[in-house]
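> Dropping in protein_14.txt, with compact mmCIF, C-alpha atoms.
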```txt
# COMPACT_ATOMS: atom_id res chain seq x y z
CA MET S 11 25.99 76.56 -39.41
CA ARG S 12 25.08 76.24 -35.72
CA GLU S 13 26.36 73.07 -34.08
CA ASN S 14 23.69 70.89 -32.41
CA THR S 15 25.11 69.85 -29.05
CA ALA S 16 23.63 68.64 -25.77
CA MET S 17 25.00 67.82 -22.35
CA MET S 18 25.15 64.09 -21.50
CA GLY S 19 22.80 63.40 -18.59
CA GLN S 20 23.97 61.44 -15.55
CA ARG S 21 22.19 59.73 -12.65
CA ASP S 22 23.55 58.94 -9.20
CA ARG S 23 21.88 55.69 -8.10
CA ARG S 24 23.52 55.87 -4.67
CA GLN S 25 21.65 59.00 -3.57
CA PRO S 26 19.01 58.14 -0.91
CA GLU S 27 15.45 59.41 -1.27
CA LEU S 28 14.17 61.58 1.56
CA PHE S 29 10.50 61.03 0.80
CA VAL S 30 8.16 59.82 -1.94
CA ALA S 31 5.06 61.84 -2.69
CA GLY S 32 1.99 60.28 -4.22
CA SER S 33 0.24 56.90 -4.14
CA ARG S 34 1.90 53.60 -5.00
CA ARG S 35 -1.18 52.88 -7.07
CA ASP S 36 -0.08 55.63 -9.50
CA LEU S 37 3.07 53.61 -10.21
CA VAL S 38 1.14 50.50 -11.37
CA LEU S 39 -0.29 50.33 -14.88
CA GLU S 40 -4.06 50.46 -15.15
CA ASP S 41 -4.30 47.26 -17.21
CA HIS S 42 -2.09 45.20 -14.86
CA VAL S 43 -3.81 41.96 -13.85
CA LEU S 44 -3.50 42.75 -10.13
CA VAL S 45 -5.18 46.13 -10.65
CA ARG S 46 -8.05 44.55 -12.54
CA VAL S 47 -8.52 41.85 -9.90
CA ASP S 48 -8.33 44.35 -7.04
CA LYS S 49 -11.32 46.25 -8.44
CA VAL S 50 -13.64 43.28 -7.86
CA LEU S 51 -11.86 41.47 -4.99
CA ASP S 52 -13.77 41.53 -1.69
CA LEU S 53 -12.14 39.73 1.26
CA SER S 54 -13.98 41.56 4.02
CA TRP S 55 -15.44 38.26 5.24
CA LEU S 56 -12.09 36.45 5.46
CA GLU S 57 -11.03 37.56 8.93
CA ALA S 58 -14.20 36.14 10.50
CA GLU S 59 -13.67 32.87 8.59
CA VAL S 60 -10.26 32.21 10.19
CA ALA S 61 -10.64 34.06 13.50
CA GLY S 62 -11.07 30.82 15.47
CA LEU S 63 -7.54 29.72 14.53
CA TYR S 64 -5.86 32.62 16.30
CA HIS S 65 -5.60 33.61 19.99
CA ALA S 66 -5.67 37.26 20.99
CA GLY S 67 -2.66 38.34 23.06
CA ILE S 68 -0.81 35.03 22.69
CA GLY S 69 2.23 34.60 20.45
CA ARG S 70 3.77 37.04 18.01
CA PRO S 71 1.53 38.96 15.58
CA GLY S 72 0.80 36.95 12.48
CA ILE S 73 0.34 37.99 8.88
CA ALA S 74 -3.05 39.55 8.21
CA PRO S 75 -5.28 36.88 6.61
CA GLU S 76 -6.10 39.15 3.67
CA VAL S 77 -2.39 39.72 3.00
CA ALA S 78 -1.75 35.97 2.94
CA VAL S 79 -4.56 35.31 0.46
CA ARG S 80 -3.50 38.26 -1.70
CA LEU S 81 0.07 36.94 -1.79
CA MET S 82 -1.08 33.47 -2.87
CA LEU S 83 -3.43 35.01 -5.43
CA ALA S 84 -0.63 37.18 -6.84
CA GLY S 85 1.56 34.11 -7.18
CA MET S 86 -1.17 32.27 -9.08
CA LEU S 87 -1.99 35.21 -11.38
CA LEU S 88 1.66 35.89 -12.17
CA GLY S 89 2.58 32.23 -12.62
CA ILE S 90 4.92 32.06 -9.62
CA VAL S 91 4.67 28.61 -8.06
CA HIS S 92 7.26 28.64 -5.28
CA ASP S 93 6.77 30.79 -2.16
CA ARG S 94 10.46 31.64 -1.90
CA ARG S 95 10.52 32.99 -5.45
CA LEU S 96 7.24 34.84 -4.85
CA MET S 97 8.68 36.74 -1.90
CA ARG S 98 11.84 37.57 -3.84
CA GLU S 99 9.68 38.95 -6.64
CA ALA S 100 7.59 40.94 -4.17
CA GLN S 101 10.76 42.69 -2.96
CA VAL S 102 11.20 44.36 -6.36
CA ASN S 103 7.69 44.28 -7.83
CA LEU S 104 5.72 47.46 -7.04
CA ALA S 105 2.47 45.88 -8.23
CA ILE S 106 2.70 43.03 -5.68
CA CYS S 107 3.67 45.39 -2.83
CA TRP S 108 0.71 47.63 -3.61
CA PHE S 109 -1.65 44.65 -4.06
CA ILE S 110 -0.86 43.25 -0.58
CA GLY S 111 -0.80 46.69 1.09
CA TYR S 112 2.89 46.91 2.04
CA GLY S 113 4.98 50.08 1.83
CA LEU S 114 8.24 50.37 -0.07
CA HIS S 115 10.33 50.28 3.12
CA GLU S 116 8.30 47.73 5.09
CA PRO S 117 9.89 44.29 5.52
CA LEU S 118 7.85 41.58 3.79
CA PRO S 119 6.82 38.33 5.50
CA ASP S 120 9.16 35.37 5.31
CA HIS S 121 8.27 32.79 2.67
CA SER S 122 7.85 30.10 5.35
CA SER S 123 4.91 32.05 6.80
CA LEU S 124 2.76 31.01 3.85
CA THR S 125 3.53 27.35 4.53
CA TRP S 126 2.51 27.71 8.18
CA ILE S 127 -0.70 29.49 7.17
CA ARG S 128 -1.66 26.69 4.78
CA GLN S 129 -1.09 24.13 7.50
CA ARG S 130 -2.96 26.16 10.11
CA TRP S 131 -5.97 26.89 7.94
CA GLY S 132 -6.21 23.40 6.43
CA ALA S 133 -7.58 22.12 3.14
CA GLU S 134 -11.26 22.31 4.13
CA ARG S 135 -11.04 25.99 5.03
CA PHE S 136 -9.21 26.81 1.80
CA GLU S 137 -11.95 24.98 -0.07
CA ARG S 138 -14.59 27.15 1.63
CA ILE S 139 -12.60 30.25 0.68
CA PHE S 140 -12.46 29.00 -2.91
CA ARG S 141 -16.23 28.41 -2.96
CA ARG S 142 -16.81 31.95 -1.72
CA THR S 143 -14.75 33.35 -4.58
CA VAL S 144 -16.75 31.34 -7.13
CA GLN S 145 -20.02 32.58 -5.62
CA ALA S 146 -18.70 36.15 -5.81
CA CYS S 147 -18.02 35.64 -9.52
CA VAL S 148 -21.56 34.33 -10.00
CA ALA S 149 -22.98 37.33 -8.12
CA ALA S 150 -20.90 39.65 -10.34
CA ARG S 151 -22.33 37.87 -13.41
CA ILE S 152 -18.95 36.88 -14.80
CA ALA S 153 -19.79 33.19 -14.32
CA THR S 154 -22.98 31.15 -14.34
CA GLY S 155 -21.90 27.52 -14.03
CA GLU S 156 -24.36 26.49 -16.73
CA VAL S 157 -21.70 25.58 -19.31
CA ALA S 158 -18.55 23.95 -17.96
CA HIS S 159 -15.36 22.62 -19.52
CA LEU S 160 -13.59 19.77 -17.65
CA ASP S 161 -10.03 18.59 -18.12
CA SER S 162 -7.06 17.34 -16.11
CA SER S 163 -3.32 17.95 -16.12
CA LEU S 164 -0.51 15.71 -14.91
CA ILE S 165 1.88 17.64 -12.64
CA ARG S 166 5.37 16.35 -11.91
CA ALA S 167 5.98 16.09 -8.16
CA ASN S 168 8.97 18.07 -6.90
CA VAL S 169 10.92 15.03 -5.72
CA SER S 170 14.06 13.30 -6.94
CA TRP S 171 14.26 9.76 -8.26
CA ASP S 172 16.33 8.88 -5.19
CA ALA S 173 13.14 9.32 -3.14
CA ILE S 174 11.21 6.66 -5.10
CA ALA S 175 10.81 3.32 -3.34
CA ARG S 176 8.93 0.14 -4.09
CA ARG S 177 6.46 -0.62 -1.32
CA HIS S 178 6.15 -4.25 -2.32
CA VAL S 179 9.67 -4.99 -1.02
CA ALA S 180 8.40 -5.25 2.54
CA ALA S 181 5.58 -7.54 1.46
CA VAL S 182 8.01 -9.79 -0.42
CA GLU S 183 10.31 -10.04 2.57
CA SER S 184 7.38 -10.79 4.84
CA ALA S 185 6.07 -13.52 2.54
CA ASN S 186 9.48 -15.14 2.16
CA THR S 187 10.24 -15.23 5.88
CA GLU S 188 6.81 -16.42 6.94
CA ASP S 189 6.82 -19.47 9.26
CA GLY S 190 10.59 -19.34 9.53
CA GLU S 191 11.13 -19.83 5.79
CA SER S 192 14.24 -18.15 4.55
CA GLY S 193 13.09 -17.94 0.95
CA ALA S 194 16.44 -19.26 -0.25
CA PRO S 195 16.48 -20.97 -3.66
CA ASP S 196 17.13 -24.35 -2.02
CA GLY S 197 14.43 -23.93 0.60
CA GLY S 198 11.77 -25.59 -1.49
CA THR S 199 9.25 -22.82 -0.96
CA SER S 200 7.29 -20.91 -3.57
CA ARG S 201 8.03 -17.22 -3.59
CA ARG S 202 5.05 -14.89 -3.46
CA ARG S 203 5.54 -11.36 -4.69
CA ALA S 204 3.09 -8.60 -3.90
CA ALA S 205 2.68 -6.29 -6.88
CA LEU S 206 1.88 -3.12 -4.94
CA PRO S 207 2.02 0.34 -6.54
CA SER S 208 5.13 2.46 -6.41
CA ALA S 209 5.38 5.16 -3.77
CA CYS S 210 7.61 8.09 -2.91
CA THR S 211 9.15 8.02 0.55
CA THR S 212 9.27 11.83 0.85
CA ASP S 213 5.88 12.57 -0.73
CA PRO S 214 3.35 9.74 -0.23
CA ASP S 215 0.65 11.72 -2.08
CA ALA S 216 2.54 11.40 -5.38
CA SER S 217 2.34 8.27 -7.49
CA LEU S 218 4.07 7.07 -10.65
CA ALA S 219 2.15 7.99 -13.78
CA THR S 220 2.65 9.06 -17.37
CA ASN S 221 0.49 11.03 -19.79
CA ARG S 222 1.68 9.53 -23.06
CA LYS S 223 2.81 6.22 -24.48
CA GLY S 224 6.52 5.65 -24.71
CA ARG S 225 7.28 8.13 -21.95
CA ARG S 226 8.59 6.90 -18.62
CA SER S 227 6.42 7.12 -15.52
CA GLU S 228 7.29 9.85 -13.02
CA PRO S 229 6.05 10.74 -9.51
CA SER S 230 3.09 12.98 -10.21
CA TYR S 231 -0.16 14.52 -9.07
CA LYS S 232 -3.21 15.08 -11.22
CA HIS S 233 -5.02 18.42 -11.29
CA HIS S 234 -8.69 18.10 -12.34
CA THR S 235 -10.19 21.48 -13.27
CA ALA S 236 -13.68 22.65 -14.24
CA VAL S 237 -13.90 26.06 -15.93
CA ASP S 238 -16.92 28.25 -16.72
CA ALA S 239 -17.44 28.89 -20.42
CA GLY S 240 -18.11 32.62 -20.04
CA CYS S 241 -14.91 34.27 -18.76
CA GLY S 242 -12.87 31.21 -17.82
CA VAL S 243 -13.65 31.33 -14.10
CA VAL S 244 -12.42 28.17 -12.37
CA LEU S 245 -15.51 26.53 -10.85
CA ASP S 246 -13.99 23.48 -9.19
CA VAL S 247 -10.60 21.89 -8.60
CA ALA S 248 -9.75 18.36 -7.47
CA VAL S 249 -6.18 17.21 -6.84
CA THR S 250 -5.42 13.49 -6.80
CA THR S 251 -2.44 11.21 -7.21
CA GLY S 252 -1.22 10.74 -10.76
CA ALA S 253 -2.59 7.18 -10.86
CA VAL S 254 -6.23 8.35 -10.71
CA HIS S 255 -7.85 8.30 -14.15
CA ASP S 256 -9.26 11.55 -15.54
CA THR S 257 -12.81 10.21 -15.41
CA GLN S 258 -12.85 9.23 -11.74
CA THR S 259 -13.63 12.73 -10.42
CA VAL S 260 -16.26 13.81 -12.98
CA GLY S 261 -19.38 12.97 -10.95
CA GLY S 262 -18.14 14.66 -7.79
CA GLN S 263 -17.07 17.78 -9.67
CA LEU S 264 -20.41 18.12 -11.45
CA ASP S 265 -22.24 17.94 -8.11
CA ALA S 266 -19.81 20.39 -6.48
CA ILE S 267 -20.28 22.96 -9.26
CA SER S 268 -24.06 22.90 -8.94
CA ALA S 269 -23.85 23.14 -5.14
CA THR S 270 -21.51 26.15 -5.35
CA THR S 271 -23.22 28.14 -8.11
CA GLY S 272 -26.79 27.19 -7.23
CA ALA S 273 -27.49 26.57 -10.92
CA ALA S 274 -27.97 23.38 -12.88
CA ILE S 275 -25.29 22.56 -15.44
CA ARG S 276 -26.79 22.50 -18.92
CA THR S 277 -23.74 21.55 -20.98
CA ALA S 278 -20.37 19.97 -20.20
CA SER S 279 -17.49 19.58 -22.63
CA MET S 280 -14.52 17.21 -22.24
CA ASP S 281 -11.88 15.67 -24.47
CA ALA S 282 -11.95 12.17 -25.94
CA SER S 283 -10.35 10.58 -22.87
CA TYR S 284 -13.70 11.07 -21.10
CA ALA S 285 -15.67 9.25 -23.80
CA ILE S 286 -16.53 6.19 -21.73
CA THR S 287 -19.89 4.74 -20.81
CA ARG S 288 -19.70 5.60 -17.12
CA VAL S 289 -19.11 9.31 -17.75
CA LEU S 290 -21.85 9.49 -20.37
CA ALA S 291 -24.24 7.75 -17.98
CA GLU S 292 -23.42 10.26 -15.22
CA LEU S 293 -24.12 13.16 -17.57
CA GLU S 294 -27.35 11.58 -18.78
CA ALA S 295 -28.55 10.98 -15.22
CA ARG S 296 -28.03 14.70 -14.48
CA ARG S 297 -29.67 15.72 -17.79
CA ILE S 298 -26.48 17.44 -18.93
CA GLU S 299 -25.76 17.74 -22.64
CA ALA S 300 -22.39 16.15 -23.36
CA ILE S 301 -19.97 17.62 -25.89
CA ILE S 302 -17.31 14.90 -26.02
CA PRO S 303 -15.54 13.66 -29.16
CA THR S 304 -15.64 9.93 -29.61
CA LYS S 305 -12.49 7.93 -29.24
CA ALA S 306 -10.79 6.87 -32.44
CA GLU S 307 -11.67 3.30 -33.32
CA HIS S 308 -8.76 0.90 -33.23
CA PRO S 309 -8.21 -0.34 -36.78
CA PRO S 310 -9.33 -3.96 -37.06
CA LYS S 311 -6.98 -6.69 -38.07
CA ARG S 312 -6.89 -7.48 -41.74
CA GLY S 313 -9.82 -9.63 -42.73
CA VAL S 314 -11.71 -9.00 -39.47
CA ILE S 315 -15.15 -7.38 -39.50
CA PRO S 316 -14.88 -4.06 -37.53
CA VAL S 317 -16.95 -3.36 -34.43
CA ARG S 318 -18.91 -0.57 -36.14
CA ARG S 319 -20.69 -3.23 -38.26
CA PHE S 320 -22.34 -4.56 -35.08
CA LYS S 321 -25.56 -2.82 -33.98
CA LEU S 322 -26.54 -2.34 -30.34
CA ASP S 323 -30.20 -2.77 -29.38
CA ALA S 324 -30.08 -0.88 -26.08
CA LYS S 325 -33.76 -1.49 -25.27
CA ASN S 326 -33.45 -5.28 -25.41
CA ARG S 327 -29.77 -5.25 -24.33
CA VAL S 328 -28.51 -7.32 -27.23
CA VAL S 329 -26.16 -6.77 -30.18
CA TRP S 330 -26.93 -7.76 -33.77
CA CYS S 331 -24.00 -8.96 -35.87
CA PRO S 332 -23.71 -8.44 -39.68
CA ALA S 333 -25.15 -11.94 -40.19
CA LYS S 334 -28.28 -10.93 -38.21
CA ARG S 335 -27.32 -13.16 -35.26
CA LEU S 336 -27.58 -12.15 -31.61
CA LEU S 337 -24.72 -11.45 -29.22
CA ARG S 338 -25.89 -11.46 -25.62
CA LEU S 339 -24.64 -9.89 -22.38
CA HIS S 340 -21.53 -11.43 -20.88
CA GLY S 341 -20.52 -10.57 -17.33
CA LYS S 342 -20.85 -7.18 -15.69
CA PRO S 343 -19.63 -3.78 -16.92
CA ASP S 344 -15.97 -3.05 -16.17
CA SER S 345 -14.68 -0.10 -14.12
CA ASP S 346 -15.13 2.24 -17.10
CA GLY S 347 -18.69 1.05 -17.74
CA PHE S 348 -18.00 -1.00 -20.85
CA GLN S 349 -20.28 -4.03 -21.27
CA ALA S 350 -19.18 -7.14 -23.15
CA TYR S 351 -21.47 -9.05 -25.52
CA ARG S 352 -20.65 -12.39 -27.16
CA GLY S 353 -22.22 -14.91 -29.48
CA ARG S 354 -22.89 -18.61 -28.98
CA VAL S 355 -20.15 -21.02 -30.08
CA PRO S 356 -22.35 -23.30 -32.29
CA VAL S 357 -23.90 -20.29 -34.05
CA CYS S 358 -20.57 -18.54 -34.68
CA GLN S 359 -18.84 -21.73 -35.89
CA ALA S 360 -21.57 -22.41 -38.44
CA CYS S 361 -21.86 -18.79 -39.63
CA ARG S 362 -21.09 -18.02 -43.28
CA LEU S 363 -19.10 -14.93 -42.18
CA ARG S 364 -16.96 -16.94 -39.78
CA PRO S 365 -13.69 -16.63 -41.80
CA LYS S 366 -14.01 -12.81 -41.86
CA CYS S 367 -15.39 -12.21 -38.37
CA PHE S 368 -12.72 -13.36 -35.92
CA GLY S 369 -9.35 -15.09 -35.70
CA ALA S 370 -8.71 -18.77 -36.26
CA THR S 371 -7.85 -19.39 -32.59
CA MET S 372 -11.18 -17.95 -31.32
CA LYS S 373 -14.40 -19.89 -30.98
CA ARG S 374 -16.87 -17.01 -31.07
CA ARG S 375 -17.10 -13.27 -31.61
CA ALA S 376 -17.13 -11.01 -28.57
```
I need this file expressed as structure tokens, please.


Amino acid sequence: MRENTAMMGQRDRRQPELFVAGSRRDLVLEDHVLVRVDKVLDLSWLEAEVAGLYHAGIGRPGIAPEVAVRLMLAGMLLGIVHDRRLMREAQVNLAICWFIGYGLHEPLPDHSSLTWIRQRWGAERFERIFRRTVQACVAARIATGEVAHLDSSLIRANVSWDAIARRHVAAVESANTEDGESGAPDGGTSRRRAALPSACTTDPDASLATNRKGRRSEPSYKHHTAVDAGCGVVLDVAVTTGAVHDTQTVGGQLDAISATTGAAIRTASMDASYAITRVLAELEARRIEAIIPTKAEHPPKRGVIPVRRFKLDAKNRVVWCPAKRLLRLHGKPDSDGFQAYRGRVPVCQACRLRPKCFGATMKRRA
């Protein structure tokens, strides 16, 4: 019987390469996200957009604008948030090197260069660049802007708890030392405390917020995003402090989407946190069909008639109670657009449903 033997192969990793034949593109898989994006990415207009921020012949050569945008785009597509990590990844990632146009032996830009570019270009210019990309997607027919999904995400700010400070401390000290008052317990003065929101000393744009009950507040931003229903193209982005409610940016984003795409929004979908009167009124005014689940009704107290038994007459702006009595407008709508209605005390006190309608300490139903 012939013995089946083979020589064990060995590789010397220390041997330098004299040359590399072929294109770097051949080393990147065809279905890689950067390859697919590169096929439709056109940044030929970018240099003219930022040319006014640079001076010919003065200072050291900067990073090519297209390279900077491609680096930031690669970081977003590959889920790499931090510039330092992005540049470390680019050192060993052939796809990123090819995508930004750098050779294998060319030194890559320092990570701090991206920070300087963001500061030099500014938020308004980046917004114009973003709008151009959306319009390119519309022209390529991978987005229309006619059906949009809106949602927001709470993002933890990259700061430590040691950087959190209470801004109302200064106001308290000022109030207690006003007119020479020391604010001591035996001074006979009333202490006034200013309940101002919390702030971060190292990042004033972050504010304390939480996205669920029972979870502690943390310094955060809020990322409001509108996405096209077709291929998931991001149509608009708004970044606010964490304290801004999800619904506050809806009107501005709807207008921005229409202005960018040049098309009227037909349908907008959102989650139940957007199911408030003000948002529904904004959609109705723009003739946009709303796909928003209603908020779950708070269970009524035992023996109390639930709100769903009361019928709104929107035309006459009154509410009919189960006993066929009227509840009329009370005050103005609140910040979320909710309008209060309440009955008259004599009518509610004499009503046969009084024991089931509201608590013993109340005088009327509202």

> Taking 5 positions as the minimum chain separation for residues in the same chain, which residues sit within 9 Å of S:Gly313 when counting only C-alpha atoms? Answer as a compact mmCIF listing (two decimals) with C-alpha atoms, keeping the file's coordinate frame.


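Written out: around_29.txt:
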```txt
# COMPACT_ATOMS: atom_id res chain seq x y z
CA PRO S 365 -13.69 -16.63 -41.80
CA LYS S 366 -14.01 -12.81 -41.86
CA CYS S 367 -15.39 -12.21 -38.37
CA PHE S 368 -12.72 -13.36 -35.92
CA GLY S 369 -9.35 -15.09 -35.70
```

> Enter the distance from atom CA of S:Ala248 to atom CA of S:His233, in Å, rounded to one decimal.

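Computed distance, atom CA of S:Ala248 to atom CA of S:His233, equals 6.1 Å.
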
> One number please: atom CA of S:Cys107 to atom CA of S:Trp131, in Å, one decimal.

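Pair atom CA of S:Cys107 / atom CA of S:Trp131 returns 23.5 Å.
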
> Excluding S:Ser33 and its own-chain neighbours fewer than 6 positions away, which residues fall within 12 Å of it when counting only C-alpha atoms? Please give them as a list in words.

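My reading of the contact set: Leu104, Ala105, Trp108, Gly111, Gly113 and Leu114 of chain S.
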
> Contacts of S:Val243 at 9 Å or less, counting all atoms listed in the file, minus same-chain residues fewer than 3 places along, as a short mmCIF file (atom, residue, chain, number, x, y, z; two decimals) with C-alpha atoms, in the frame of the given file?


```cif
data_model
loop_
_atom_site.label_atom_id
_atom_site.label_comp_id
_atom_site.auth_asym_id
_atom_site.auth_seq_id
_atom_site.Cartn_x
_atom_site.Cartn_y
_atom_site.Cartn_z
CA VAL S 144 -16.75 31.34 -7.13
CA CYS S 147 -18.02 35.64 -9.52
CA ILE S 152 -18.95 36.88 -14.80
CA ALA S 153 -19.79 33.19 -14.32
CA ALA S 236 -13.68 22.65 -14.24
CA VAL S 237 -13.90 26.06 -15.93
CA ASP S 238 -16.92 28.25 -16.72
CA ALA S 239 -17.44 28.89 -20.42
CA GLY S 240 -18.11 32.62 -20.04
#
```

> List every protein, DNA or RNA residue that has an atom no more than 12 Å from (-20.5, 15.4, -30.8) in the file's coordinate frame, counting all atoms listed in the file, and report them as a short mmCIF file (atom, residue, chain, number, x, y, z; two decimals) with C-alpha atoms, in the frame of the given file.


```cif
data_model
loop_
_atom_site.label_atom_id
_atom_site.label_comp_id
_atom_site.auth_asym_id
_atom_site.auth_seq_id
_atom_site.Cartn_x
_atom_site.Cartn_y
_atom_site.Cartn_z
CA ALA S 278 -20.37 19.97 -20.20
CA SER S 279 -17.49 19.58 -22.63
CA MET S 280 -14.52 17.21 -22.24
CA ASP S 281 -11.88 15.67 -24.47
CA ALA S 282 -11.95 12.17 -25.94
CA ALA S 285 -15.67 9.25 -23.80
CA GLU S 299 -25.76 17.74 -22.64
CA ALA S 300 -22.39 16.15 -23.36
CA ILE S 301 -19.97 17.62 -25.89
CA ILE S 302 -17.31 14.90 -26.02
CA PRO S 303 -15.54 13.66 -29.16
CA THR S 304 -15.64 9.93 -29.61
CA LYS S 305 -12.49 7.93 -29.24
#
```

> Quick one: residues within 9 Å of stretch 80-82 of chain S, only C-alpha atoms, excluding same-chain residues fewer than 4 positions away - as a ChimeraX atom specification?

/S:75-76,86-87,93,96-97,100,106,109-110,124

> Go ahead and write the selection's residues with C-alpha atoms as a CSV table (one decimal), in the coordinates of the input.


```
chain,number,residue,atom,x,y,z
S,75,PRO,CA,-5.3,36.9,6.6
S,76,GLU,CA,-6.1,39.2,3.7
S,86,MET,CA,-1.2,32.3,-9.1
S,87,LEU,CA,-2.0,35.2,-11.4
S,93,ASP,CA,6.8,30.8,-2.2
S,96,LEU,CA,7.2,34.8,-4.8
S,97,MET,CA,8.7,36.7,-1.9
S,100,ALA,CA,7.6,40.9,-4.2
S,106,ILE,CA,2.7,43.0,-5.7
S,109,PHE,CA,-1.6,44.6,-4.1
S,110,ILE,CA,-0.9,43.2,-0.6
S,124,LEU,CA,2.8,31.0,3.8
```

> Interatomic distance between atom CA of S:Arg34 and atom CA of S:Val77?

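These atoms are spaced 16.6 Å apart.
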
> Pick out the closest residue to S:Val249 from this set: S:Ala133, S:Leu337, S:Leu56, S:Ala273. Count all atoms listed in the file.

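Counting all atoms listed in the file, the residue closest to S:Val249 is S:Ala133.
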
> Which neighbours of S:Val260 fall inside 9 Å, counting all atoms listed in the file, when residues of the same chain fewer than 2 positions from it are skipped, and could you give them as a list in words?

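Final neighbour list, sorted by chain and number: Leu160, His234, Asp256, Thr257, Gln258, Gly262, Gln263, Leu264, Asp265, Tyr284, Val289 and Glu292 of chain S.
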
> Taking all atoms listed in the file into account, name the residue in S:Thr235, S:Phe140, S:Asn168, S:Ala350 that is nearest to S:His92.

S:Asn168

> My list of candidates is S:Leu245, S:Leu322, S:Ala150, S:Ile127. Which is closest to S:Leu63 when distances are computed with only C-alpha atoms?

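Ranked by minimum distance to S:Leu63, first place goes to S:Ile127.
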
> Select, from S:Pro229, S:Gly85, S:Gly72, S:Gly155, the residue with the minimum atom-to-atom distance to S:Ser170, counting all atoms listed in the file.

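Among the listed residues, S:Pro229 lies closest to S:Ser170.
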
> Nearest residue to S:Asp246 out of S:Ser162, S:Asn326, S:Thr287, S:Asn221, using all atoms listed in the file?

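Looking only at the distances to S:Asp246, the closest residue turns out to be S:Ser162.
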
> Just add N, CA, C and O atoms to stretch 353-365 of chain S and send it as a compact mmCIF listing (two decimals), keeping the file's coordinate frame.


```
# COMPACT_ATOMS: atom_id res chain seq x y z
N GLY S 353 -21.32 -13.96 -28.84
CA GLY S 353 -22.22 -14.91 -29.48
C GLY S 353 -22.08 -16.31 -28.92
O GLY S 353 -21.20 -16.58 -28.10
N ARG S 354 -22.95 -17.22 -29.39
CA ARG S 354 -22.89 -18.61 -28.98
C ARG S 354 -21.94 -19.35 -29.90
O ARG S 354 -21.89 -19.12 -31.11
N VAL S 355 -21.17 -20.29 -29.32
CA VAL S 355 -20.15 -21.02 -30.08
C VAL S 355 -20.74 -21.76 -31.28
O VAL S 355 -20.22 -21.62 -32.40
N PRO S 356 -21.82 -22.57 -31.12
CA PRO S 356 -22.35 -23.30 -32.29
C PRO S 356 -22.79 -22.37 -33.41
O PRO S 356 -22.58 -22.66 -34.60
N VAL S 357 -23.40 -21.23 -33.03
CA VAL S 357 -23.90 -20.29 -34.05
C VAL S 357 -22.73 -19.65 -34.79
O VAL S 357 -22.73 -19.55 -36.02
N CYS S 358 -21.71 -19.20 -34.04
CA CYS S 358 -20.57 -18.54 -34.68
C CYS S 358 -19.77 -19.50 -35.55
O CYS S 358 -19.28 -19.13 -36.62
N GLN S 359 -19.63 -20.77 -35.11
CA GLN S 359 -18.84 -21.73 -35.89
C GLN S 359 -19.50 -22.07 -37.22
O GLN S 359 -18.83 -22.34 -38.21
N ALA S 360 -20.84 -22.05 -37.22
CA ALA S 360 -21.57 -22.41 -38.44
C ALA S 360 -21.89 -21.21 -39.31
O ALA S 360 -22.46 -21.37 -40.40
N CYS S 361 -21.50 -20.01 -38.90
CA CYS S 361 -21.86 -18.79 -39.63
C CYS S 361 -21.07 -18.68 -40.93
O CYS S 361 -19.88 -19.01 -41.00
N ARG S 362 -21.73 -18.18 -41.97
CA ARG S 362 -21.09 -18.02 -43.28
C ARG S 362 -20.01 -16.94 -43.26
O ARG S 362 -19.10 -16.93 -44.10
N LEU S 363 -20.09 -16.01 -42.28
CA LEU S 363 -19.10 -14.93 -42.18
C LEU S 363 -17.96 -15.28 -41.23
O LEU S 363 -17.11 -14.43 -40.95
N ARG S 364 -17.97 -16.52 -40.76
CA ARG S 364 -16.96 -16.94 -39.78
C ARG S 364 -15.52 -16.62 -40.20
O ARG S 364 -14.76 -16.06 -39.43
N PRO S 365 -15.09 -16.90 -41.43
CA PRO S 365 -13.69 -16.63 -41.80
C PRO S 365 -13.30 -15.15 -41.72
O PRO S 365 -12.13 -14.83 -41.56
```
